[in-house]
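Student: Below is the file structure.pdb, with PDB, C-alpha atoms.
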ATOM      1  CA  MET A   1      11.524 -24.173  -0.571  1.00  0.00           C
ATOM      2  CA  ARG A   2      12.867 -27.545  -1.644  1.00  0.00           C
ATOM      3  CA  VAL A   3      12.454 -28.587  -5.280  1.00  0.00           C
ATOM      4  CA  GLN A   4      13.391 -31.934  -6.788  1.00  0.00           C
ATOM      5  CA  LYS A   5      14.106 -33.161 -10.288  1.00  0.00           C
ATOM      6  CA  GLN A   6      14.148 -36.810 -11.303  1.00  0.00           C
ATOM      7  CA  THR A   7      17.268 -37.753 -13.268  1.00  0.00           C
ATOM      8  CA  TRP A   8      18.537 -41.115 -14.478  1.00  0.00           C
ATOM      9  CA  THR A   9      20.871 -41.275 -11.460  1.00  0.00           C
ATOM     10  CA  GLY A  10      18.146 -40.468  -8.927  1.00  0.00           C
ATOM     11  CA  GLN A  11      16.548 -37.378  -7.484  1.00  0.00           C
ATOM     12  CA  GLN A  12      18.366 -34.075  -7.635  1.00  0.00           C
ATOM     13  CA  THR A  13      17.386 -31.834  -4.707  1.00  0.00           C
ATOM     14  CA  ARG A  14      17.825 -28.069  -4.917  1.00  0.00           C
ATOM     15  CA  PHE A  15      16.640 -25.160  -2.800  1.00  0.00           C
ATOM     16  CA  LYS A  16      14.679 -22.224  -4.147  1.00  0.00           C
ATOM     17  CA  ALA A  17      14.849 -18.928  -2.258  1.00  0.00           C
ATOM     18  CA  PHE A  18      12.429 -16.001  -2.595  1.00  0.00           C
ATOM     19  CA  VAL A  19      13.604 -12.638  -1.275  1.00  0.00           C
ATOM     20  CA  THR A  20      11.490  -9.494  -1.212  1.00  0.00           C
ATOM     21  CA  ILE A  21      13.133  -6.177  -0.450  1.00  0.00           C
ATOM     22  CA  GLY A  22      11.092  -3.026   0.013  1.00  0.00           C
ATOM     23  CA  ASP A  23      11.751   0.402   1.474  1.00  0.00           C
ATOM     24  CA  TYR A  24       8.085   0.878   2.497  1.00  0.00           C
ATOM     25  CA  ASN A  25       8.148   4.001   0.330  1.00  0.00           C
ATOM     26  CA  ASP A  26       7.263   3.299  -3.335  1.00  0.00           C
ATOM     27  CA  HIS A  27       9.993   0.743  -4.169  1.00  0.00           C
ATOM     28  CA  VAL A  28       9.849  -3.044  -4.059  1.00  0.00           C
ATOM     29  CA  ASP A  29      12.112  -5.829  -5.317  1.00  0.00           C
ATOM     30  CA  LEU A  30      11.704  -9.582  -5.795  1.00  0.00           C
ATOM     31  CA  GLY A  31      14.563 -12.020  -6.237  1.00  0.00           C
ATOM     32  CA  VAL A  32      14.296 -15.762  -6.958  1.00  0.00           C
ATOM     33  CA  LYS A  33      17.305 -18.073  -7.016  1.00  0.00           C
ATOM     34  CA  CYS A  34      17.704 -21.854  -7.060  1.00  0.00           C
ATOM     35  CA  SER A  35      20.848 -23.588  -5.809  1.00  0.00           C
ATOM     36  CA  THR A  36      22.059 -26.824  -4.255  1.00  0.00           C
ATOM     37  CA  GLU A  37      22.851 -25.026  -0.978  1.00  0.00           C
ATOM     38  CA  VAL A  38      20.456 -22.845   1.022  1.00  0.00           C
ATOM     39  CA  ALA A  39      22.976 -20.090   1.789  1.00  0.00           C
ATOM     40  CA  THR A  40      23.999 -19.775  -1.861  1.00  0.00           C
ATOM     41  CA  ALA A  41      20.364 -19.562  -2.920  1.00  0.00           C
ATOM     42  CA  PHE A  42      19.657 -16.780  -0.415  1.00  0.00           C
ATOM     43  CA  ARG A  43      22.745 -14.787  -1.385  1.00  0.00           C
ATOM     44  CA  GLY A  44      21.869 -15.044  -5.074  1.00  0.00           C
ATOM     45  CA  ALA A  45      18.235 -14.100  -4.424  1.00  0.00           C
ATOM     46  CA  ILE A  46      19.294 -11.013  -2.464  1.00  0.00           C
ATOM     47  CA  ILE A  47      21.587  -9.908  -5.303  1.00  0.00           C
ATOM     48  CA  LEU A  48      18.848 -10.462  -7.900  1.00  0.00           C
ATOM     49  CA  ALA A  49      16.317  -8.608  -5.733  1.00  0.00           C
ATOM     50  CA  LYS A  50      18.591  -5.588  -5.431  1.00  0.00           C
ATOM     51  CA  LEU A  51      19.006  -5.539  -9.217  1.00  0.00           C
ATOM     52  CA  SER A  52      15.264  -5.658  -9.965  1.00  0.00           C
ATOM     53  CA  THR A  53      14.006  -2.560  -8.143  1.00  0.00           C
ATOM     54  CA  VAL A  54      10.597  -1.452  -9.417  1.00  0.00           C
ATOM     55  CA  PRO A  55       9.000   1.907  -8.534  1.00  0.00           C
ATOM     56  CA  VAL A  56       5.383   1.627  -7.397  1.00  0.00           C
ATOM     57  CA  ARG A  57       2.939   4.185  -8.746  1.00  0.00           C
ATOM     58  CA  LYS A  58       0.429   5.238  -6.114  1.00  0.00           C
ATOM     59  CA  GLY A  59      -2.703   7.346  -6.269  1.00  0.00           C
ATOM     60  CA  TYR A  60      -5.947   8.222  -4.527  1.00  0.00           C
ATOM     61  CA  TRP A  61      -9.458   6.836  -4.268  1.00  0.00           C
ATOM     62  CA  GLY A  62     -11.999   9.637  -4.467  1.00  0.00           C
ATOM     63  CA  ASN A  63     -10.566  12.707  -2.710  1.00  0.00           C
ATOM     64  CA  LYS A  64      -7.093  13.918  -3.725  1.00  0.00           C
ATOM     65  CA  THR A  65      -6.060  15.216  -0.320  1.00  0.00           C
ATOM     66  CA  GLY A  66      -2.986  14.197   1.601  1.00  0.00           C
ATOM     67  CA  LYS A  67      -0.374  11.660   0.621  1.00  0.00           C
ATOM     68  CA  SER A  68      -1.142   9.063  -2.074  1.00  0.00           C
ATOM     69  CA  TYR A  69      -1.878   5.733  -0.404  1.00  0.00           C
ATOM     70  CA  THR A  70      -3.416   3.228  -2.845  1.00  0.00           C
ATOM     71  CA  VAL A  71      -2.685   1.893  -6.331  1.00  0.00           C
ATOM     72  CA  LEU A  72      -3.177   4.367  -9.155  1.00  0.00           C
ATOM     73  CA  CYS A  73      -5.767   2.346 -11.081  1.00  0.00           C
ATOM     74  CA  LYS A  74      -6.972  -1.231 -11.514  1.00  0.00           C
ATOM     75  CA  VAL A  75      -3.964  -3.268 -12.617  1.00  0.00           C
ATOM     76  CA  THR A  76      -3.559  -6.933 -13.491  1.00  0.00           C
ATOM     77  CA  GLY A  77      -0.521  -9.175 -13.362  1.00  0.00           C
ATOM     78  CA  ARG A  78      -0.297 -12.688 -14.710  1.00  0.00           C
ATOM     79  CA  CYS A  79       2.246 -15.458 -14.299  1.00  0.00           C
ATOM     80  CA  GLY A  80       1.335 -18.971 -15.382  1.00  0.00           C
ATOM     81  CA  SER A  81      -2.260 -19.704 -14.419  1.00  0.00           C
ATOM     82  CA  VAL A  82      -2.344 -17.105 -11.632  1.00  0.00           C
ATOM     83  CA  LEU A  83      -4.026 -13.776 -12.335  1.00  0.00           C
ATOM     84  CA  VAL A  84      -3.738 -11.075  -9.650  1.00  0.00           C
ATOM     85  CA  ARG A  85      -5.746  -7.862  -9.832  1.00  0.00           C
ATOM     86  CA  LEU A  86      -5.106  -4.831  -7.630  1.00  0.00           C
ATOM     87  CA  ILE A  87      -8.068  -2.527  -7.064  1.00  0.00           C
ATOM     88  CA  PRO A  88      -7.860   0.934  -5.427  1.00  0.00           C
ATOM     89  CA  ALA A  89      -9.553   1.167  -2.024  1.00  0.00           C
ATOM     90  CA  PRO A  90     -10.872   4.042   0.124  1.00  0.00           C
ATOM     91  CA  ARG A  91      -8.652   5.540   2.804  1.00  0.00           C
ATOM     92  CA  GLY A  92      -8.700   3.497   6.008  1.00  0.00           C
ATOM     93  CA  THR A  93      -9.635   0.203   4.348  1.00  0.00           C
ATOM     94  CA  GLY A  94      -6.194  -1.325   4.695  1.00  0.00           C
ATOM     95  CA  ILE A  95      -4.908  -4.136   2.517  1.00  0.00           C
ATOM     96  CA  VAL A  96      -7.593  -6.733   1.803  1.00  0.00           C
ATOM     97  CA  SER A  97      -5.556  -9.597   0.420  1.00  0.00           C
ATOM     98  CA  ALA A  98      -4.090 -13.050   0.813  1.00  0.00           C
ATOM     99  CA  PRO A  99      -0.841 -13.244   2.847  1.00  0.00           C
ATOM    100  CA  VAL A 100       1.563 -13.389  -0.136  1.00  0.00           C
ATOM    101  CA  PRO A 101       0.392 -10.221  -1.965  1.00  0.00           C
ATOM    102  CA  LYS A 102      -0.162  -8.489   1.371  1.00  0.00           C
ATOM    103  CA  LYS A 103       3.542  -8.728   2.246  1.00  0.00           C
ATOM    104  CA  LEU A 104       4.558  -7.351  -1.150  1.00  0.00           C
ATOM    105  CA  LEU A 105       2.042  -4.496  -0.909  1.00  0.00           C
ATOM    106  CA  LEU A 106       3.172  -3.599   2.614  1.00  0.00           C
ATOM    107  CA  MET A 107       6.818  -3.515   1.541  1.00  0.00           C
ATOM    108  CA  ALA A 108       5.860  -1.275  -1.375  1.00  0.00           C
ATOM    109  CA  GLY A 109       4.303   1.245   1.020  1.00  0.00           C
ATOM    110  CA  THR A 110       0.704   0.775  -0.090  1.00  0.00           C
ATOM    111  CA  ASP A 111      -1.705   1.618   2.747  1.00  0.00           C
ATOM    112  CA  GLY A 112      -5.014   0.624   1.153  1.00  0.00           C
ATOM    113  CA  CYS A 113      -5.756  -1.842  -1.623  1.00  0.00           C
ATOM    114  CA  CYS A 114      -8.125  -4.675  -2.496  1.00  0.00           C
ATOM    115  CA  THR A 115      -6.908  -7.707  -4.419  1.00  0.00           C
ATOM    116  CA  SER A 116      -8.478 -10.456  -6.442  1.00  0.00           C
ATOM    117  CA  ALA A 117      -6.636 -13.643  -7.404  1.00  0.00           C
ATOM    118  CA  ARG A 118      -7.553 -16.492  -9.745  1.00  0.00           C
ATOM    119  CA  GLY A 119      -5.782 -19.682 -10.700  1.00  0.00           C
ATOM    120  CA  CYS A 120      -3.560 -21.971  -8.663  1.00  0.00           C
ATOM    121  CA  THR A 121      -2.528 -19.544  -5.925  1.00  0.00           C
ATOM    122  CA  ALA A 122      -1.189 -22.354  -3.720  1.00  0.00           C
ATOM    123  CA  THR A 123       2.178 -22.187  -5.496  1.00  0.00           C
ATOM    124  CA  LEU A 124       4.175 -19.505  -3.695  1.00  0.00           C
ATOM    125  CA  ASP A 125       6.552 -18.623  -6.522  1.00  0.00           C
ATOM    126  CA  ILE A 126       3.930 -18.088  -9.217  1.00  0.00           C
ATOM    127  CA  PHE A 127       1.662 -16.130  -6.845  1.00  0.00           C
ATOM    128  CA  ALA A 128       4.523 -13.818  -5.800  1.00  0.00           C
ATOM    129  CA  LYS A 129       5.674 -13.282  -9.400  1.00  0.00           C
ATOM    130  CA  ALA A 130       2.139 -12.462 -10.570  1.00  0.00           C
ATOM    131  CA  THR A 131       1.771  -9.910  -7.769  1.00  0.00           C
ATOM    132  CA  PHE A 132       5.160  -8.414  -8.604  1.00  0.00           C
ATOM    133  CA  LYS A 133       4.190  -8.075 -12.286  1.00  0.00           C
ATOM    134  CA  THR A 134       1.253  -5.832 -11.356  1.00  0.00           C
ATOM    135  CA  TYR A 135       3.772  -3.107 -10.453  1.00  0.00           C
ATOM    136  CA  SER A 136       5.468  -3.067 -13.857  1.00  0.00           C
ATOM    137  CA  TYR A 137       2.695  -1.330 -15.799  1.00  0.00           C
TER     138      TYR A 137
END
Render the structure in this file as C-alpha coordinates.
Tutor:
Amino acid sequence: MRVQKQTWTGQQTRFKAFVTIGDYNDHVDLGVKCSTEVATAFRGAIILAKLSTVPVRKGYWGNKTGKSYTVLCKVTGRCGSVLVRLIPAPRGTGIVSAPVPKKLLLMAGTDGCCTSARGCTATLDIFAKATFKTYSY
(Lines of atoms letter the chains of each structure in order from A and count residues from 1; the text may use other names and numbers.)
(Lines give C-alpha, C1' and ligand atoms only; values in the text may rest on other atoms or scores of the structure.)
Protein backbone atom coordinates (compact mmCIF):
# COMPACT_ATOMS: atom_id res chain seq x y z
CA MET A 1 0.00 0.00 0.00
CA ARG A 2 1.41 3.38 -0.95
CA VAL A 3 1.26 6.19 1.60
CA GLN A 4 2.30 9.80 1.06
CA LYS A 5 3.26 12.65 3.33
CA GLN A 6 3.37 16.29 2.27
CA THR A 7 6.62 18.01 3.24
CA TRP A 8 7.97 21.45 2.42
CA THR A 9 10.08 19.91 -0.37
CA GLY A 10 7.19 18.00 -1.92
CA GLN A 11 5.49 14.67 -1.42
CA GLN A 12 7.32 11.88 0.34
CA THR A 13 6.13 8.47 -0.90
CA ARG A 14 6.59 5.36 1.24
CA PHE A 15 5.26 1.82 1.05
CA LYS A 16 3.40 0.11 3.86
CA ALA A 17 3.44 -3.69 3.99
CA PHE A 18 1.06 -5.91 5.97
CA VAL A 19 2.14 -9.51 6.55
CA THR A 20 0.03 -12.13 8.29
CA ILE A 21 1.61 -15.41 9.29
CA GLY A 22 -0.45 -18.26 10.68
CA ASP A 23 0.11 -21.96 11.21
CA TYR A 24 -3.62 -22.77 10.82
CA ASN A 25 -3.40 -24.29 14.30
CA ASP A 26 -4.02 -21.73 17.09
CA HIS A 27 -1.24 -19.22 16.28
CA VAL A 28 -1.40 -16.05 14.20
CA ASP A 29 0.95 -13.11 13.66
CA LEU A 30 0.57 -9.65 12.11
CA GLY A 31 3.45 -7.46 11.02
CA VAL A 32 3.23 -3.89 9.68
CA LYS A 33 6.23 -2.00 8.32
CA CYS A 34 6.63 1.22 6.34
CA SER A 35 9.68 1.91 4.17
CA THR A 36 10.77 3.80 1.08
CA GLU A 37 11.33 0.52 -0.80
CA VAL A 38 8.80 -2.30 -1.20
CA ALA A 39 11.26 -5.13 -0.55
CA THR A 40 12.54 -3.52 2.65
CA ALA A 41 8.99 -3.01 3.88
CA PHE A 42 8.11 -6.66 3.27
CA ARG A 43 11.26 -7.96 4.95
CA GLY A 44 10.65 -5.77 8.00
CA ALA A 45 6.98 -6.78 8.17
CA ILE A 46 7.90 -10.47 8.07
CA ILE A 47 10.39 -10.00 10.92
CA LEU A 48 7.84 -8.06 12.99
CA ALA A 49 5.17 -10.68 12.29
CA LYS A 50 7.42 -13.49 13.49
CA LEU A 51 8.10 -11.56 16.70
CA SER A 52 4.42 -10.93 17.50
CA THR A 53 3.04 -14.47 17.66
CA VAL A 54 -0.27 -14.62 19.54
CA PRO A 55 -1.92 -17.87 20.66
CA VAL A 56 -5.61 -18.10 19.77
CA ARG A 57 -7.95 -19.48 22.41
CA LYS A 58 -10.64 -21.66 20.89
CA GLY A 59 -13.75 -23.26 22.32
CA TYR A 60 -17.11 -24.80 21.51
CA TRP A 61 -20.63 -23.63 20.77
CA GLY A 62 -23.15 -25.81 22.58
CA ASN A 63 -21.84 -29.39 22.62
CA LYS A 64 -18.30 -30.02 23.90
CA THR A 65 -17.52 -32.95 21.64
CA GLY A 66 -14.59 -33.21 19.29
CA LYS A 67 -11.92 -30.63 18.62
CA SER A 68 -12.49 -26.98 19.58
CA TYR A 69 -13.35 -25.00 16.45
CA THR A 70 -14.71 -21.53 17.30
CA VAL A 71 -13.73 -18.59 19.50
CA LEU A 72 -14.02 -19.19 23.23
CA CYS A 73 -16.47 -16.36 23.95
CA LYS A 74 -17.64 -13.05 22.51
CA VAL A 75 -14.56 -10.85 22.18
CA THR A 76 -14.10 -7.29 20.97
CA GLY A 77 -11.08 -5.57 19.49
CA ARG A 78 -10.77 -1.88 18.76
CA CYS A 79 -8.26 0.16 16.80
CA GLY A 80 -9.10 3.75 15.92
CA SER A 81 -12.75 4.00 14.94
CA VAL A 82 -13.03 0.33 13.95
CA LEU A 83 -14.66 -2.07 16.41
CA VAL A 84 -14.56 -5.79 15.54
CA ARG A 85 -16.55 -8.35 17.51
CA LEU A 86 -16.06 -12.11 17.20
CA ILE A 87 -19.06 -14.25 18.12
CA PRO A 88 -18.96 -18.06 18.55
CA ALA A 89 -20.89 -19.99 15.89
CA PRO A 90 -22.36 -23.51 15.67
CA ARG A 91 -20.34 -26.28 14.05
CA GLY A 92 -20.61 -26.22 10.26
CA THR A 93 -21.43 -22.52 9.99
CA GLY A 94 -18.03 -21.53 8.68
CA ILE A 95 -16.59 -18.04 8.96
CA VAL A 96 -19.22 -15.36 8.36
CA SER A 97 -17.09 -12.27 7.90
CA ALA A 98 -15.66 -9.60 5.65
CA PRO A 99 -12.57 -10.63 3.63
CA VAL A 100 -9.96 -9.02 5.93
CA PRO A 101 -10.99 -10.71 9.22
CA LYS A 102 -11.78 -13.92 7.34
CA LYS A 103 -8.15 -14.31 6.25
CA LEU A 104 -6.89 -13.73 9.79
CA LEU A 105 -9.41 -16.19 11.25
CA LEU A 106 -8.54 -18.85 8.66
CA MET A 107 -4.82 -18.49 9.39
CA ALA A 108 -5.57 -18.82 13.11
CA GLY A 109 -7.29 -22.17 12.50
CA THR A 110 -10.80 -21.05 13.41
CA ASP A 111 -13.41 -23.17 11.60
CA GLY A 112 -16.59 -21.36 12.63
CA CYS A 113 -17.14 -17.78 13.73
CA CYS A 114 -19.44 -14.83 13.12
CA THR A 115 -18.09 -11.29 13.08
CA SER A 116 -19.52 -7.83 13.44
CA ALA A 117 -17.61 -4.68 12.46
CA ARG A 118 -18.36 -1.00 13.00
CA GLY A 119 -16.53 2.15 12.01
CA CYS A 120 -14.46 2.94 8.94
CA THR A 121 -13.63 -0.60 7.84
CA ALA A 122 -12.45 0.58 4.41
CA THR A 123 -8.97 1.25 5.79
CA LEU A 124 -7.10 -2.05 5.56
CA ASP A 125 -4.53 -1.40 8.27
CA ILE A 126 -6.95 -0.34 11.00
CA PHE A 127 -9.38 -3.17 10.16
CA ALA A 128 -6.60 -5.79 10.32
CA LYS A 129 -5.19 -4.39 13.58
CA ALA A 130 -8.63 -4.34 15.22
CA THR A 131 -9.20 -7.97 14.22
CA PHE A 132 -5.76 -8.93 15.51
CA LYS A 133 -6.46 -7.24 18.87
CA THR A 134 -9.45 -9.53 19.44
CA TYR A 135 -7.00 -12.41 19.96
CA SER A 136 -5.07 -10.72 22.76
CA TYR A 137 -7.69 -11.07 25.49
Student: Let me make sure I understand: among A:Thr40, A:Thr20, A:Thr70, A:Thr7, which one has the smallest atom-to-atom distance to Arg57 (chain A) if we use only C-alpha atoms?
Tutor: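 Under the stated criterion, the closest residue is A:Thr70.
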Student: What do you get, as a short mmCIF file (atom, residue, chain, number, x, y, z; two decimals) with C-alpha atoms, keeping the file's coordinate frame, if you spell out every residue that the PyMOL selection byres ((chain A and resi 102) around 12) selects here?
Tutor:
data_model
loop_
_atom_site.label_atom_id
_atom_site.label_comp_id
_atom_site.auth_asym_id
_atom_site.auth_seq_id
_atom_site.Cartn_x
_atom_site.Cartn_y
_atom_site.Cartn_z
CA THR A 20 11.49 -9.49 -1.21
CA VAL A 84 -3.74 -11.08 -9.65
CA LEU A 86 -5.11 -4.83 -7.63
CA GLY A 94 -6.19 -1.32 4.70
CA ILE A 95 -4.91 -4.14 2.52
CA VAL A 96 -7.59 -6.73 1.80
CA SER A 97 -5.56 -9.60 0.42
CA ALA A 98 -4.09 -13.05 0.81
CA PRO A 99 -0.84 -13.24 2.85
CA VAL A 100 1.56 -13.39 -0.14
CA PRO A 101 0.39 -10.22 -1.96
CA LYS A 103 3.54 -8.73 2.25
CA LEU A 104 4.56 -7.35 -1.15
CA LEU A 105 2.04 -4.50 -0.91
CA LEU A 106 3.17 -3.60 2.61
CA MET A 107 6.82 -3.52 1.54
CA ALA A 108 5.86 -1.27 -1.38
CA GLY A 109 4.30 1.25 1.02
CA THR A 110 0.70 0.78 -0.09
CA ASP A 111 -1.70 1.62 2.75
CA GLY A 112 -5.01 0.62 1.15
CA CYS A 113 -5.76 -1.84 -1.62
CA CYS A 114 -8.12 -4.68 -2.50
CA THR A 115 -6.91 -7.71 -4.42
CA SER A 116 -8.48 -10.46 -6.44
CA PHE A 127 1.66 -16.13 -6.84
CA ALA A 128 4.52 -13.82 -5.80
CA THR A 131 1.77 -9.91 -7.77
CA PHE A 132 5.16 -8.41 -8.60
#
Student: When distances are computed from only C-alpha atoms, which of A:Met1, A:Cys34, A:Ile47, A:Cys120 shows the smallest separation from Ser81 (chain A)?
Tutor: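 Residue with the minimum atom-to-atom distance to Ser81 (chain A): A:Cys120.
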Student: Can you work out the spacing between CA of Thr123 (chain A) and CA of Thr13 (chain A) in Å, to one decimal?
Tutor: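 So the answer is 18.0 Å.
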Student: How many Å lie between CA of Trp61 (chain A) and CA of Cys73 (chain A), rounded to one decimal?
Tutor: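 Computed distance, CA of Trp61 (chain A) to CA of Cys73 (chain A), equals 9.0 Å.
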Student: Tell me which of A:Val19, A:Gly66, A:Arg118, A:Lys74 sits closest to Ala41 (chain A), counting only C-alpha atoms.
Tutor: A:Val19
Student: The PyMOL selection byres ((chain A and resi 80) around 10) - which residues does that actually catch in the file I just gave you? List them as a PyMOL selection string.
Tutor: chain A and resi 78-79+81-83+119-120+126-127+129-130
Student: Could you tell me how far CA of Thr93 (chain A) sits from CA of Gly22 (chain A), in Å to one decimal place?
Tutor: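 A separation of 21.4 Å between them.
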Student: Between A:Tyr69, A:Phe18, A:Tyr135, A:Trp8, which one has atoms that come closest to Leu30 (chain A), using only C-alpha atoms?
Tutor: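 Residue with the minimum atom-to-atom distance to Leu30 (chain A): A:Phe18.
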Student: For the file shown, report as a ChimeraX atom specification the outcome of the PyMOL selection byres ((chain A and resi 33) around 9) at residue level.
Tutor: /A:15-19,31-32,34-35,40-46,48
Student: When distances are computed from all atoms listed in the file, which of A:Gly62, A:Gln11, A:Lys67, A:Lys50 shows the smallest separation from Ala89 (chain A)?
Tutor: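 Of A:Gly62, A:Gln11, A:Lys67, A:Lys50, the one nearest Ala89 (chain A) is A:Gly62, counting all atoms listed in the file.
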